[in-house]
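coords17.pdb follows; it contains PDB, C-alpha atoms.
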ATOM      1  CA  MET H  42       5.418  12.869  -5.886
ATOM      2  CA  SER H  43       9.117  13.696  -5.658
ATOM      3  CA  PRO H  44      11.773  11.202  -6.844
ATOM      4  CA  SER H  45      12.967  10.730  -3.250
ATOM      5  CA  VAL H  46       9.498   9.731  -2.070
ATOM      6  CA  GLU H  47       9.041   7.440  -5.066
ATOM      7  CA  LYS H  48      12.364   5.775  -4.255
ATOM      8  CA  MET H  49      11.264   5.168  -0.657
ATOM      9  CA  ARG H  50       7.975   3.734  -1.879
ATOM     10  CA  GLU H  51       9.789   1.349  -4.214
ATOM     11  CA  LEU H  52      12.112   0.217  -1.406
ATOM     12  CA  LEU H  53       9.137  -0.602   0.801
ATOM     13  CA  GLU H  54       7.506  -2.392  -2.095
ATOM     14  CA  ALA H  55      10.678  -4.491  -2.371
ATOM     15  CA  ARG H  56      10.557  -5.046   1.441
ATOM     16  CA  ASP H  57      14.003  -3.469   1.811
ATOM     17  CA  VAL H  58      13.696  -1.983   5.306
ATOM     18  CA  ASP H  59      17.394  -1.140   5.589
ATOM     19  CA  GLY H  60      17.388   0.633   2.233
ATOM     20  CA  PHE H  61      14.233   2.513   3.177
ATOM     21  CA  LEU H  62      15.750   3.738   6.452
ATOM     22  CA  THR H  63      18.853   4.959   4.617
ATOM     23  CA  ALA H  64      16.771   6.769   1.996
ATOM     24  CA  TYR H  65      14.495   8.185   4.699
ATOM     25  CA  LEU H  66      17.414   9.636   6.672
ATOM     26  CA  GLU H  67      18.851  11.196   3.511
ATOM     27  CA  TYR H  68      15.438  12.645   2.711
ATOM     28  CA  ARG H  69      15.075  14.210   6.169
ATOM     29  CA  GLN H  70      18.346  16.100   5.815
ATOM     30  CA  GLY H  71      17.101  18.320   3.016
ATOM     31  CA  HIS H  72      13.315  18.122   2.921
ATOM     32  CA  VAL H  73      10.267  19.043   4.901
ATOM     33  CA  ILE H  74       8.237  15.921   5.616
ATOM     34  CA  GLU H  75       5.561  15.536   2.936
ATOM     35  CA  PRO H  76       2.168  13.875   3.522
ATOM     36  CA  GLU H  77       3.205  11.014   1.233
ATOM     37  CA  VAL H  78       6.194  10.269   3.481
ATOM     38  CA  THR H  79       3.990  10.300   6.573
ATOM     39  CA  ALA H  80       1.718   7.779   4.871
ATOM     40  CA  LEU H  81       4.714   5.537   4.181
ATOM     41  CA  THR H  82       6.074   5.687   7.740
ATOM     42  CA  GLN H  83       2.728   5.430   9.536
ATOM     43  CA  ARG H  84       0.835   3.021   7.276
ATOM     44  CA  THR H  85       3.101   0.999   5.027
ATOM     45  CA  LEU H  86       6.199   0.642   7.209
ATOM     46  CA  PRO H  87       4.408  -0.678  10.350
ATOM     47  CA  SER H  88       2.742  -3.447   8.345
ATOM     48  CA  LEU H  89       6.050  -4.375   6.755
ATOM     49  CA  LEU H  90       7.829  -4.391  10.123
ATOM     50  CA  ARG H  91       5.231  -6.716  11.615
ATOM     51  CA  GLN H  92       5.788  -9.142   8.758
ATOM     52  CA  ALA H  93       9.557  -8.897   9.178
ATOM     53  CA  PHE H  94       9.469  -9.378  12.956
ATOM     54  CA  ALA H  95       7.109 -12.335  12.647
ATOM     55  CA  GLY H  96       9.552 -14.093  10.338
ATOM     56  CA  ASP H  97      12.789 -12.786  11.912
ATOM     57  CA  LEU H  98      13.749 -11.311   8.550
ATOM     58  CA  LEU H  99      15.623  -8.213   9.741
ATOM     59  CA  ALA H 100      19.409  -8.264   9.880
ATOM     60  CA  PRO H 101      21.094  -7.092  13.117
ATOM     61  CA  LYS H 102      22.387  -3.908  11.462
ATOM     62  CA  THR H 103      18.858  -3.078  10.303
ATOM     63  CA  ILE H 104      17.451  -3.570  13.805
ATOM     64  CA  ILE H 105      20.172  -1.317  15.230
ATOM     65  CA  LYS H 106      19.513   1.365  12.621
ATOM     66  CA  LEU H 107      15.777   1.185  13.299
ATOM     67  CA  TRP H 108      16.354   1.390  17.059
ATOM     68  CA  ARG H 109      18.570   4.446  16.680
ATOM     69  CA  VAL H 110      16.247   6.472  14.441
ATOM     70  CA  VAL H 111      13.264   5.738  16.697
ATOM     71  CA  ARG H 112      15.239   6.495  19.857
ATOM     72  CA  ASP H 113      16.470   9.800  18.406
ATOM     73  CA  GLY H 114      12.964  10.819  17.384
ATOM     74  CA  ARG H 115      13.785  10.942  13.685
ATOM     75  CA  LEU H 116      11.232   8.206  12.987
ATOM     76  CA  ILE H 117       7.957   8.020  14.880
ATOM     77  CA  LEU H 118       6.538   4.598  15.721
ATOM     78  CA  VAL H 119       3.359   4.820  17.767
ATOM     79  CA  ASP H 120       2.482   1.122  17.910
ATOM     80  CA  ASP H 121       3.570  -0.485  21.177
ATOM     81  CA  ASP H 122       3.910  -3.934  19.603
ATOM     82  CA  LEU H 123       6.614  -2.641  17.248
ATOM     83  CA  LEU H 124       8.476  -0.850  20.033
ATOM     84  CA  ILE H 125       8.367  -4.003  22.158
ATOM     85  CA  ALA H 126       9.595  -6.104  19.221
ATOM     86  CA  ILE H 127      12.587  -3.788  18.781
ATOM     87  CA  ASN H 128      13.343  -3.887  22.518
ATOM     88  CA  LEU H 129      13.318  -7.692  22.502
ATOM     89  CA  ARG H 130      15.847  -7.870  19.666
ATOM     90  CA  ILE H 131      18.178  -4.917  20.163
ATOM     91  CA  ASP H 132      20.559  -6.562  22.664
ATOM     92  CA  ASN H 133      21.153  -9.638  20.505
ATOM     93  CA  ALA H 134      21.530  -7.447  17.416
ATOM     94  CA  MET H 135      24.128  -5.214  19.081
ATOM     95  CA  ARG H 136      25.955  -8.212  20.535
ATOM     96  CA  GLU H 137      26.169  -9.807  17.090
ATOM     97  CA  ALA H 138      27.264  -6.583  15.415
ATOM     98  CA  ASP H 139      29.769  -5.637  18.130
ATOM     99  CA  PRO H 140      30.720  -8.213  20.795
ATOM    100  CA  ASP H 141      32.168  -5.389  22.924
ATOM    101  CA  ALA H 142      29.004  -3.292  22.834
ATOM    102  CA  LYS H 143      27.804  -1.909  26.139
ATOM    103  CA  LEU H 144      24.665  -3.785  27.111
ATOM    104  CA  PRO H 145      21.843  -3.702  27.886
ATOM    105  CA  ALA H 146      20.855  -1.082  25.332
ATOM    106  CA  ALA H 147      18.427   1.651  26.295
ATOM    107  CA  ARG H 148      14.867   0.513  25.799
ATOM    108  CA  LEU H 149      12.332   2.382  23.721
ATOM    109  CA  ILE H 150       9.456   3.649  25.827
ATOM    110  CA  THR H 151       5.974   2.443  24.961
ATOM    111  CA  SER H 152       2.899   4.578  25.448
ATOM    112  CA  GLU H 153       1.920   2.526  28.504
ATOM    113  CA  GLN H 154       5.340   2.984  30.086
ATOM    114  CA  LEU H 155       5.266   6.667  29.212
ATOM    115  CA  GLY H 156       2.054   7.114  31.159
ATOM    116  CA  GLU H 157       3.513   5.282  34.139
ATOM    117  CA  SER H 158       6.766   7.264  34.028
ATOM    118  CA  GLN H 159       4.895  10.569  33.918
ATOM    119  CA  HIS H 160       2.929   9.530  36.997
ATOM    120  CA  GLN H 161       6.114   8.462  38.778
ATOM    121  CA  ARG H 162       7.926  11.627  37.733
ATOM    122  CA  ARG H 163       5.360  13.693  39.542
ATOM    123  CA  SER H 164       5.811  11.597  42.672
ATOM    124  CA  ARG H 165       9.586  10.862  42.508
ATOM    125  CA  PRO H 166      11.268  13.386  40.172
ATOM    126  CA  GLU H 167      14.772  13.199  41.688
ATOM    127  CA  GLU H 168      14.955   9.405  41.506
ATOM    128  CA  LEU H 169      13.886   9.280  37.864
ATOM    129  CA  ARG H 170      16.294  11.984  36.780
ATOM    130  CA  ALA H 171      19.098   9.917  38.255
ATOM    131  CA  ALA H 172      18.158   6.849  36.160
ATOM    132  CA  PRO H 173      20.321   7.006  32.980
ATOM    133  CA  HIS H 174      18.709   3.997  31.290
ATOM    134  CA  ILE H 175      15.340   5.666  30.745
ATOM    135  CA  VAL H 176      15.029   7.187  27.281
ATOM    136  CA  GLN H 177      12.589  10.014  26.835
ATOM    137  CA  ALA H 178       9.937   9.156  24.283
ATOM    138  CA  THR H 179       8.478  11.584  21.806
ATOM    139  CA  VAL H 180       5.048  12.681  22.950
ATOM    140  CA  ILE H 181       2.473  12.611  20.173
ATOM    141  CA  LYS H 182      -0.624  14.712  20.539
ATOM    142  CA  ARG H 183      -3.755  14.228  18.524
ATOM    143  CA  VAL H 184      -5.224  17.388  17.056
ATOM    144  CA  ALA H 185      -8.968  17.502  16.531
ATOM    145  CA  ILE H 186     -10.197  19.777  13.765
ATOM    146  CA  VAL H 187     -13.693  21.096  14.277
ATOM    147  CA  SER H 188     -15.567  22.447  11.275
ATOM    148  CA  THR H 189     -18.647  24.609  11.482
ATOM    149  CA  PHE H 190     -21.238  24.528   8.720
ATOM    150  CA  ASN H 191     -24.060  26.969   8.161
ATOM    151  CA  VAL H 192     -27.303  26.023   6.479
ATOM    152  CA  GLY H 193     -27.472  28.011   3.266
ATOM    153  CA  VAL H 194     -30.094  28.595   0.639
ATOM    154  CA  TRP H 195     -30.958  25.485  -1.357
ATOM    155  CA  SER H 196     -30.298  25.820  -5.061
ATOM    156  CA  ALA H 197     -32.350  24.112  -7.731
ATOM    157  CA  VAL H 198     -29.098  23.190  -9.473
ATOM    158  CA  ASP H 199     -28.403  20.707  -6.675
ATOM    159  CA  ALA H 200     -31.408  18.666  -7.738
ATOM    160  CA  PHE H 201     -29.850  18.052 -11.163
ATOM    161  CA  ASP H 202     -26.478  16.809  -9.968
ATOM    162  CA  PHE H 203     -26.564  13.117 -10.838
ATOM    163  CA  ARG H 204     -22.893  12.354 -10.338
ATOM    164  CA  LYS H 205     -21.749   9.536  -8.093
ATOM    165  CA  ASN H 206     -18.465   8.035  -7.023
ATOM    166  CA  VAL H 207     -17.022   5.318  -9.253
ATOM    167  CA  CYS H 208     -16.645   3.163  -6.133
ATOM    168  CA  ALA H 209     -19.940   1.769  -4.912
ATOM    169  CA  SER H 210     -19.013   1.827  -1.213
ATOM    170  CA  GLN H 211     -16.477   3.071   1.299
ATOM    171  CA  GLN H 212     -15.062  -0.447   1.471
ATOM    172  CA  GLU H 213     -14.357  -0.393  -2.266
ATOM    173  CA  ARG H 214     -12.639   2.984  -1.967
ATOM    174  CA  GLU H 215     -10.408   1.772   0.848
ATOM    175  CA  PHE H 216      -9.587  -1.436  -1.020
ATOM    176  CA  LEU H 217      -8.675   0.567  -4.128
ATOM    177  CA  ARG H 218      -6.361   2.754  -2.046
ATOM    178  CA  ALA H 219      -4.621  -0.339  -0.675
ATOM    179  CA  VAL H 220      -4.197  -1.862  -4.149
ATOM    180  CA  ARG H 221      -2.714   1.367  -5.519
ATOM    181  CA  GLN H 222      -0.343   1.504  -2.576
ATOM    182  CA  TYR H 223       0.737  -2.122  -3.067
ATOM    183  CA  PHE H 224       1.172  -1.755  -6.857
ATOM    184  CA  PRO H 225       2.509   1.818  -7.228
ATOM    185  CA  SER H 226       3.961   1.153 -10.689
ATOM    186  CA  LEU H 227       0.606   0.059 -12.147
ATOM    187  CA  GLN H 228      -2.618   1.906 -12.910
ATOM    188  CA  ALA H 229      -5.602   0.676 -10.872
ATOM    189  CA  TYR H 230      -9.151   1.198 -12.146
ATOM    190  CA  PRO H 231     -12.300   0.241 -10.204
ATOM    191  CA  ASN H 232     -15.461  -1.447 -11.498
ATOM    192  CA  LEU H 233     -14.434  -1.746 -15.137
ATOM    193  CA  PRO H 234     -16.764  -3.659 -17.506
ATOM    194  CA  LEU H 235     -15.180  -6.798 -18.907
ATOM    195  CA  ARG H 236     -16.061  -5.679 -22.424
ATOM    196  CA  SER H 237     -13.677  -2.710 -22.045
ATOM    197  CA  PHE H 238     -10.568  -4.916 -21.850
ATOM    198  CA  ILE H 239     -11.677  -8.356 -23.146
ATOM    199  CA  ASP H 240     -12.591  -8.851 -26.811
ATOM    200  CA  ILE H 241     -15.881 -10.598 -26.160
ATOM    201  CA  GLU H 242     -16.840 -10.782 -29.835
ATOM    202  CA  ARG H 243     -13.785 -12.906 -30.586
ATOM    203  CA  LEU H 244     -14.632 -15.175 -27.656
ATOM    204  CA  GLU H 245     -18.224 -15.776 -28.727
ATOM    205  CA  GLY H 246     -17.345 -18.935 -30.610
ATOM    206  CA  THR H 247     -15.539 -20.496 -27.654
ATOM    207  CA  VAL H 248     -17.890 -19.827 -24.734
ATOM    208  CA  PRO H 249     -21.475 -20.929 -24.081
ATOM    209  CA  THR H 250     -24.417 -18.579 -24.543
ATOM    210  CA  ARG H 251     -24.776 -18.015 -20.797
ATOM    211  CA  ALA H 252     -21.158 -16.851 -20.559
ATOM    212  CA  ARG H 253     -21.531 -14.528 -23.558
ATOM    213  CA  SER H 254     -24.585 -12.853 -22.062
ATOM    214  CA  TYR H 255     -22.866 -12.477 -18.727
ATOM    215  CA  ALA H 256     -19.682 -11.080 -20.289
ATOM    216  CA  TRP H 257     -21.453  -8.055 -21.770
ATOM    217  CA  SER H 258     -22.771  -6.921 -18.379
ATOM    218  CA  ALA H 259     -20.094  -8.137 -15.928
ATOM    219  CA  GLN H 260     -17.361  -6.013 -14.407
ATOM    220  CA  VAL H 261     -14.238  -6.564 -12.311
ATOM    221  CA  ASP H 262     -13.662  -4.888  -8.943
ATOM    222  CA  VAL H 263     -10.149  -3.638  -9.778
ATOM    223  CA  LEU H 264      -8.170  -3.874 -13.009
ATOM    224  CA  LEU H 265      -4.422  -3.256 -12.995
ATOM    225  CA  CYS H 266      -2.891  -1.867 -16.180
ATOM    226  CA  THR H 267       0.499  -0.726 -17.398
ATOM    227  CA  ALA H 268       1.232   2.898 -18.221
ATOM    228  CA  ASP H 269       0.133   2.088 -21.795
ATOM    229  CA  GLU H 270      -3.243   0.901 -20.424
ATOM    230  CA  ASP H 271      -2.548  -2.741 -21.236
ATOM    231  CA  PRO H 272      -4.392  -4.972 -18.728
ATOM    232  CA  VAL H 273      -2.195  -7.001 -16.387
ATOM    233  CA  VAL H 274      -4.472  -8.625 -13.809
ATOM    234  CA  GLY H 275      -7.961  -8.371 -12.354
ATOM    235  CA  ILE H 276      -8.639  -8.385  -8.609
ATOM    236  CA  GLU H 277     -11.929  -9.374  -6.993
ATOM    237  CA  LEU H 278     -12.779  -8.593  -3.370
ATOM    238  CA  ASP H 279     -15.056 -11.442  -2.336
ATOM    239  CA  SER H 280     -17.461 -11.343   0.601
ATOM    240  CA  ILE H 281     -20.418 -13.234   2.032
ATOM    241  CA  HIS H 282     -22.413 -12.069  -0.973
ATOM    242  CA  HIS H 283     -20.394 -14.536  -3.062
ATOM    243  CA  ASP H 284     -21.515 -17.536  -0.988
ATOM    244  CA  THR H 285     -24.859 -18.096  -2.725
ATOM    245  CA  ASP H 286     -25.249 -20.603  -5.554
ATOM    246  CA  GLU H 287     -26.138 -17.852  -8.012
ATOM    247  CA  ALA H 288     -23.073 -15.819  -7.074
ATOM    248  CA  ALA H 289     -20.866 -18.910  -7.295
ATOM    249  CA  GLU H 290     -22.115 -19.509 -10.845
ATOM    250  CA  ARG H 291     -21.308 -15.920 -11.821
ATOM    251  CA  ASP H 292     -17.855 -16.253 -10.281
ATOM    252  CA  GLU H 293     -17.196 -19.387 -12.335
ATOM    253  CA  LEU H 294     -18.243 -17.572 -15.503
ATOM    254  CA  LYS H 295     -15.946 -14.677 -14.697
ATOM    255  CA  ASN H 296     -13.073 -17.065 -13.970
ATOM    256  CA  LEU H 297     -13.676 -18.727 -17.342
ATOM    257  CA  LEU H 298     -13.669 -15.426 -19.226
ATOM    258  CA  PHE H 299     -10.425 -14.312 -17.617
ATOM    259  CA  THR H 300      -8.792 -17.677 -18.313
ATOM    260  CA  LEU H 301      -9.774 -17.603 -21.990
ATOM    261  CA  SER H 302      -8.565 -14.018 -22.341
ATOM    262  CA  GLY H 303      -5.159 -14.894 -20.894
ATOM    263  CA  LEU H 304      -5.501 -12.568 -17.907
ATOM    264  CA  PRO H 305      -5.048 -13.733 -14.308
ATOM    265  CA  LEU H 306      -7.880 -13.063 -11.875
ATOM    266  CA  VAL H 307      -6.986 -12.838  -8.190
ATOM    267  CA  ARG H 308      -9.704 -13.306  -5.593
ATOM    268  CA  ILE H 309      -9.115 -11.900  -2.122
ATOM    269  CA  ARG H 310     -11.373 -12.237   0.871
ATOM    270  CA  ALA H 311     -10.895 -10.528   4.204
ATOM    271  CA  GLY H 312     -11.088 -12.618   7.338
ATOM    272  CA  ASP H 313     -13.159  -9.881   8.942
ATOM    273  CA  GLU H 314     -15.978  -8.814   6.645
ATOM    274  CA  LYS H 315     -16.276  -5.544   8.590
ATOM    275  CA  SER H 316     -12.751  -4.442   7.671
ATOM    276  CA  VAL H 317     -13.093  -1.199   5.754
ATOM    277  CA  ARG H 318      -9.741   0.522   6.326
ATOM    278  CA  ALA H 319      -7.056   0.733   3.659
ATOM    279  CA  GLU H 320      -4.520  -0.410   6.272
ATOM    280  CA  ASP H 321      -6.478  -3.628   6.848
ATOM    281  CA  PHE H 322      -6.657  -4.354   3.137
ATOM    282  CA  TYR H 323      -2.952  -3.588   2.723
ATOM    283  CA  ASP H 324      -2.157  -6.118   5.466
ATOM    284  CA  LEU H 325      -4.362  -8.587   3.604
ATOM    285  CA  LEU H 326      -2.428  -7.980   0.386
ATOM    286  CA  MET H 327       0.844  -8.382   2.269
ATOM    287  CA  SER H 328      -0.314 -11.764   3.548
ATOM    288  CA  GLU H 329      -0.789 -12.825  -0.082
ATOM    289  CA  SER H 330       2.534 -11.316  -1.176
ATOM    290  CA  LYS H 331       4.018 -14.554  -2.524
ATOM    291  CA  MET H 332       1.104 -15.050  -4.874
ATOM    292  CA  LEU H 333       0.811 -11.376  -5.836
ATOM    293  CA  ASP H 334       4.526 -11.045  -6.572
ATOM    294  CA  THR H 335       4.181 -13.653  -9.314
ATOM    295  CA  ILE H 336       1.913 -11.324 -11.282
ATOM    296  CA  ARG H 337       3.885  -8.136 -10.668
ATOM    297  CA  PRO H 338       5.643  -7.102 -13.909
ATOM    298  CA  ARG H 339       9.393  -7.039 -13.393
ATOM    299  CA  ARG H 340       9.988  -4.663 -16.277
ATOM    300  CA  LEU H 341       7.444  -2.555 -18.059
ATOM    301  CA  ARG H 342       8.467  -1.819 -21.642
ATOM    302  CA  PRO H 343       6.540   1.015 -23.307
ATOM    303  CA  ARG H 344       4.514   0.187 -26.365
ATOM    304  CA  ARG H 345       6.175   1.387 -29.591
ATOM    305  CA  THR H 346       3.722   2.970 -31.987
ATOM    306  CA  HIS H 347       6.031   4.945 -34.270
ATOM    307  CA  ASP H 348       8.446   2.435 -35.805
ATOM    308  CA  PHE H 349       7.829   3.746 -39.310
ATOM    309  CA  LEU H 350       8.015   7.496 -38.695
ATOM    310  CA  VAL H 351      10.822   9.051 -40.740
ATOM    311  CA  PRO H 352      11.927  12.722 -40.559
ATOM    312  CA  ASP H 353      10.987  14.911 -43.533
ATOM    313  CA  GLU H 354      14.654  15.649 -44.212
ATOM    314  CA  VAL H 355      15.241  11.998 -45.080
ATOM    315  CA  HIS H 356      12.420  12.013 -47.637
ATOM    316  CA  ALA H 357      13.743  15.246 -49.131
ATOM    317  CA  SER H 358      17.250  13.830 -49.450
ATOM    318  CA  ALA H 359      15.947  10.661 -51.068
ATOM    319  CA  ALA H 360      13.960  12.690 -53.613
ATOM    320  CA  SER H 361      16.982  14.820 -54.554
ATOM    321  CA  MET H 362      19.106  11.715 -55.099
ATOM    322  CA  ARG H 363      16.650  10.440 -57.657
TER     323      ARG H 363
END

Reformat the file's structure so that it appears as structure tokens.
Amino acid sequence: MSPSVEKMRELLEARDVDGFLTAYLEYRQGHVIEPEVTALTQRTLPSLLRQAFAGDLLAPKTIIKLWRVVRDGRLILVDDDLLIAINLRIDNAMREADPDAKLPAARLITSEQLGESQHQRRSRPEELRAAPHIVQATVIKRVAIVSTFNVGVWSAVDAFDFRKNVCASQQEREFLRAVRQYFPSLQAYPNLPLRSFIDIERLEGTVPTRARSYAWSAQVDVLLCTADEDPVVGIELDSIHHDTDEAAERDELKNLLFTLSGLPLVRIRAGDEKSVRAEDFYDLLMSESKMLDTIRPRRLRPRRTHDFLVPDEVHASAASMR
């Protein structure tokens, strides 16, 4: 990932929409759009904008900048609710920024309005061309890729491939993607055994036998670590499978082990148990942003493991002085 893309990711992580738009426009001047940038503008940014519009958190200058880049086609927003939200706020934003601004401002065209205008254009082309307030929207076409597979000869080697994905389900994979996107500065590992990051032997004298037995076999859904692989926080994705008495007992044991080890354990549960998209999980993480921000390290200092290394020249000089 290039430094420019990493900077844009960090700005979105800090919820700095204005800074992101500035960095994005600078990036477009000298770069070809990378897939990582498309992911930021089509996945992360829409979720952040919805949060900002819901709380009226965007400054007038930011709304104007957003309106301009979308109107000019430099930034693609395909969600009608975001386009409508910008349209509802642009006049007040321009009036506050410049009392002499010419209003009303041109409205962004939603996909529904685009369909209607195309139908009207076919029936009344001259009238529509004479309407200066209609802004042409960028037409986005979906491209379907069709792959053809041929049945080949089965190889006996295939029968001895016992590998499997470290994530047990598609839902876990999507949740892991969302966590990595929300915490880009941390390492995220799925389904790690507790014994790999908690010193269970040292805890044996402080926990009951049931907890000790459970600790050796239990694992956490996602563990976040620093670049030096020091654990920071565990994240559990709860579901209806955690509603039984047996599951509740296991959850209490896991909570106890994390508390004794000094590590926070965050439990997240989706409102819709059928949500399996990374975008849905990212929205869920955004809704818990106040709580999650308290565990986000503000500064990661690398571990020093060479305090006592001395160059050979120093030893040689010391020997000659003797």

- [ ] Kindly give the distance, in Å, that separates atom CA of Glu270 of chain H and atom CA of Asp240 of chain H, rounded to a single decimal.
- [x]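 Rounded to one decimal, the two atoms are 14.9 Å apart.
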
- [ ] Provide the atom CA of Thr335 of chain H to atom CA of Arg318 of chain H distance in Å, to one decimal place.
- [x]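 Atom-to-atom, atom CA of Thr335 of chain H to atom CA of Arg318 of chain H, that is 25.3 Å.
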
Open item on the list: Please list as a list in words every residue within 10 Å of Gln228 of chain H, counting all atoms listed in the file and excluding residues in the same chain fewer than 3 positions away.
Closed with: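 That gives Val220, Arg221, Phe224, Pro225, Val263, Leu264, Leu265, Cys266, Thr267, Ala268, Asp269, Glu270, Asp271, Pro272 and Val273 of chain H.
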
Could you write out the selected residues, including C-alpha atoms, as a PDB file, in the coordinates of the input?
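Generated output (again-v6.pdb):
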ATOM      1  CA  VAL H 220      -4.197  -1.862  -4.149  1.00  0.00           C
ATOM      2  CA  ARG H 221      -2.714   1.367  -5.519  1.00  0.00           C
ATOM      3  CA  PHE H 224       1.172  -1.755  -6.857  1.00  0.00           C
ATOM      4  CA  PRO H 225       2.509   1.818  -7.228  1.00  0.00           C
ATOM      5  CA  VAL H 263     -10.149  -3.638  -9.778  1.00  0.00           C
ATOM      6  CA  LEU H 264      -8.170  -3.874 -13.009  1.00  0.00           C
ATOM      7  CA  LEU H 265      -4.422  -3.256 -12.995  1.00  0.00           C
ATOM      8  CA  CYS H 266      -2.891  -1.867 -16.180  1.00  0.00           C
ATOM      9  CA  THR H 267       0.499  -0.726 -17.398  1.00  0.00           C
ATOM     10  CA  ALA H 268       1.232   2.898 -18.221  1.00  0.00           C
ATOM     11  CA  ASP H 269       0.133   2.088 -21.795  1.00  0.00           C
ATOM     12  CA  GLU H 270      -3.243   0.901 -20.424  1.00  0.00           C
ATOM     13  CA  ASP H 271      -2.548  -2.741 -21.236  1.00  0.00           C
ATOM     14  CA  PRO H 272      -4.392  -4.972 -18.728  1.00  0.00           C
ATOM     15  CA  VAL H 273      -2.195  -7.001 -16.387  1.00  0.00           C
TER      16      VAL H 273
END

Task: Among the residues H:Glu329, H:Asp121, H:Glu242, H:Asp132, the one that comes closest to Ala256 of chain H [using all atoms listed in the file] - done: H:Glu242

- [ ] Using atom CA of Glu153 of chain H and atom CA of Arg84 of chain H as the two end points, give the distance in Å to one decimal.
- [x]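 Going from atom CA of Glu153 of chain H over to atom CA of Arg84 of chain H, I get 21.3 Å.
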
Task: Polymer residues at most 10 Å from segment 50-62 of chain H, only C-alpha atoms, same-chain spacing of 4 or more positions, as a count of residues only - done: 33

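Restricting the calculation to only C-alpha atoms, the smallest distance between Ile117 of chain H and any of H:Ala142, H:His282, H:Ile131, H:Ala80 is found for H:Ala80.
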
Task: Selection under test: the PyMOL selection byres ((chain H and resi 241) around 12); residues as a ChimeraX atom specification - done: /H:234-240,242-250,252-259,298-299,301-302

May I have the residues from that selection written out with C-alpha atoms, as a PDB file, in the coordinates of the input?
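Contents of again01.pdb, as written:
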ATOM      1  CA  PRO H 234     -16.764  -3.659 -17.506  1.00  0.00           C
ATOM      2  CA  LEU H 235     -15.180  -6.798 -18.907  1.00  0.00           C
ATOM      3  CA  ARG H 236     -16.061  -5.679 -22.424  1.00  0.00           C
ATOM      4  CA  SER H 237     -13.677  -2.710 -22.045  1.00  0.00           C
ATOM      5  CA  PHE H 238     -10.568  -4.916 -21.850  1.00  0.00           C
ATOM      6  CA  ILE H 239     -11.677  -8.356 -23.146  1.00  0.00           C
ATOM      7  CA  ASP H 240     -12.591  -8.851 -26.811  1.00  0.00           C
ATOM      8  CA  GLU H 242     -16.840 -10.782 -29.835  1.00  0.00           C
ATOM      9  CA  ARG H 243     -13.785 -12.906 -30.586  1.00  0.00           C
ATOM     10  CA  LEU H 244     -14.632 -15.175 -27.656  1.00  0.00           C
ATOM     11  CA  GLU H 245     -18.224 -15.776 -28.727  1.00  0.00           C
ATOM     12  CA  GLY H 246     -17.345 -18.935 -30.610  1.00  0.00           C
ATOM     13  CA  THR H 247     -15.539 -20.496 -27.654  1.00  0.00           C
ATOM     14  CA  VAL H 248     -17.890 -19.827 -24.734  1.00  0.00           C
ATOM     15  CA  PRO H 249     -21.475 -20.929 -24.081  1.00  0.00           C
ATOM     16  CA  THR H 250     -24.417 -18.579 -24.543  1.00  0.00           C
ATOM     17  CA  ALA H 252     -21.158 -16.851 -20.559  1.00  0.00           C
ATOM     18  CA  ARG H 253     -21.531 -14.528 -23.558  1.00  0.00           C
ATOM     19  CA  SER H 254     -24.585 -12.853 -22.062  1.00  0.00           C
ATOM     20  CA  TYR H 255     -22.866 -12.477 -18.727  1.00  0.00           C
ATOM     21  CA  ALA H 256     -19.682 -11.080 -20.289  1.00  0.00           C
ATOM     22  CA  TRP H 257     -21.453  -8.055 -21.770  1.00  0.00           C
ATOM     23  CA  SER H 258     -22.771  -6.921 -18.379  1.00  0.00           C
ATOM     24  CA  ALA H 259     -20.094  -8.137 -15.928  1.00  0.00           C
ATOM     25  CA  LEU H 298     -13.669 -15.426 -19.226  1.00  0.00           C
ATOM     26  CA  PHE H 299     -10.425 -14.312 -17.617  1.00  0.00           C
ATOM     27  CA  LEU H 301      -9.774 -17.603 -21.990  1.00  0.00           C
ATOM     28  CA  SER H 302      -8.565 -14.018 -22.341  1.00  0.00           C
TER      29      SER H 302
END

Taking the file above as input, evaluate the PyMOL selection byres ((chain H and resi 262) around 6) and report the hits as a PDB file with C-alpha atoms, in the coordinates of the input.
ATOM      1  CA  PRO H 231     -12.300   0.241 -10.204  1.00  0.00           C
ATOM      2  CA  ASN H 232     -15.461  -1.447 -11.498  1.00  0.00           C
ATOM      3  CA  VAL H 261     -14.238  -6.564 -12.311  1.00  0.00           C
ATOM      4  CA  VAL H 263     -10.149  -3.638  -9.778  1.00  0.00           C
ATOM      5  CA  GLU H 277     -11.929  -9.374  -6.993  1.00  0.00           C
TER       6      GLU H 277
END

Open item on the list: Evaluated on this file, the PyMOL selection byres ((chain H and resi 208) around 12) picks out some residues - which ones are they, written as a PyMOL selection string?
Closed with: chain H and resi 204-207+209-218+230-233+261-263
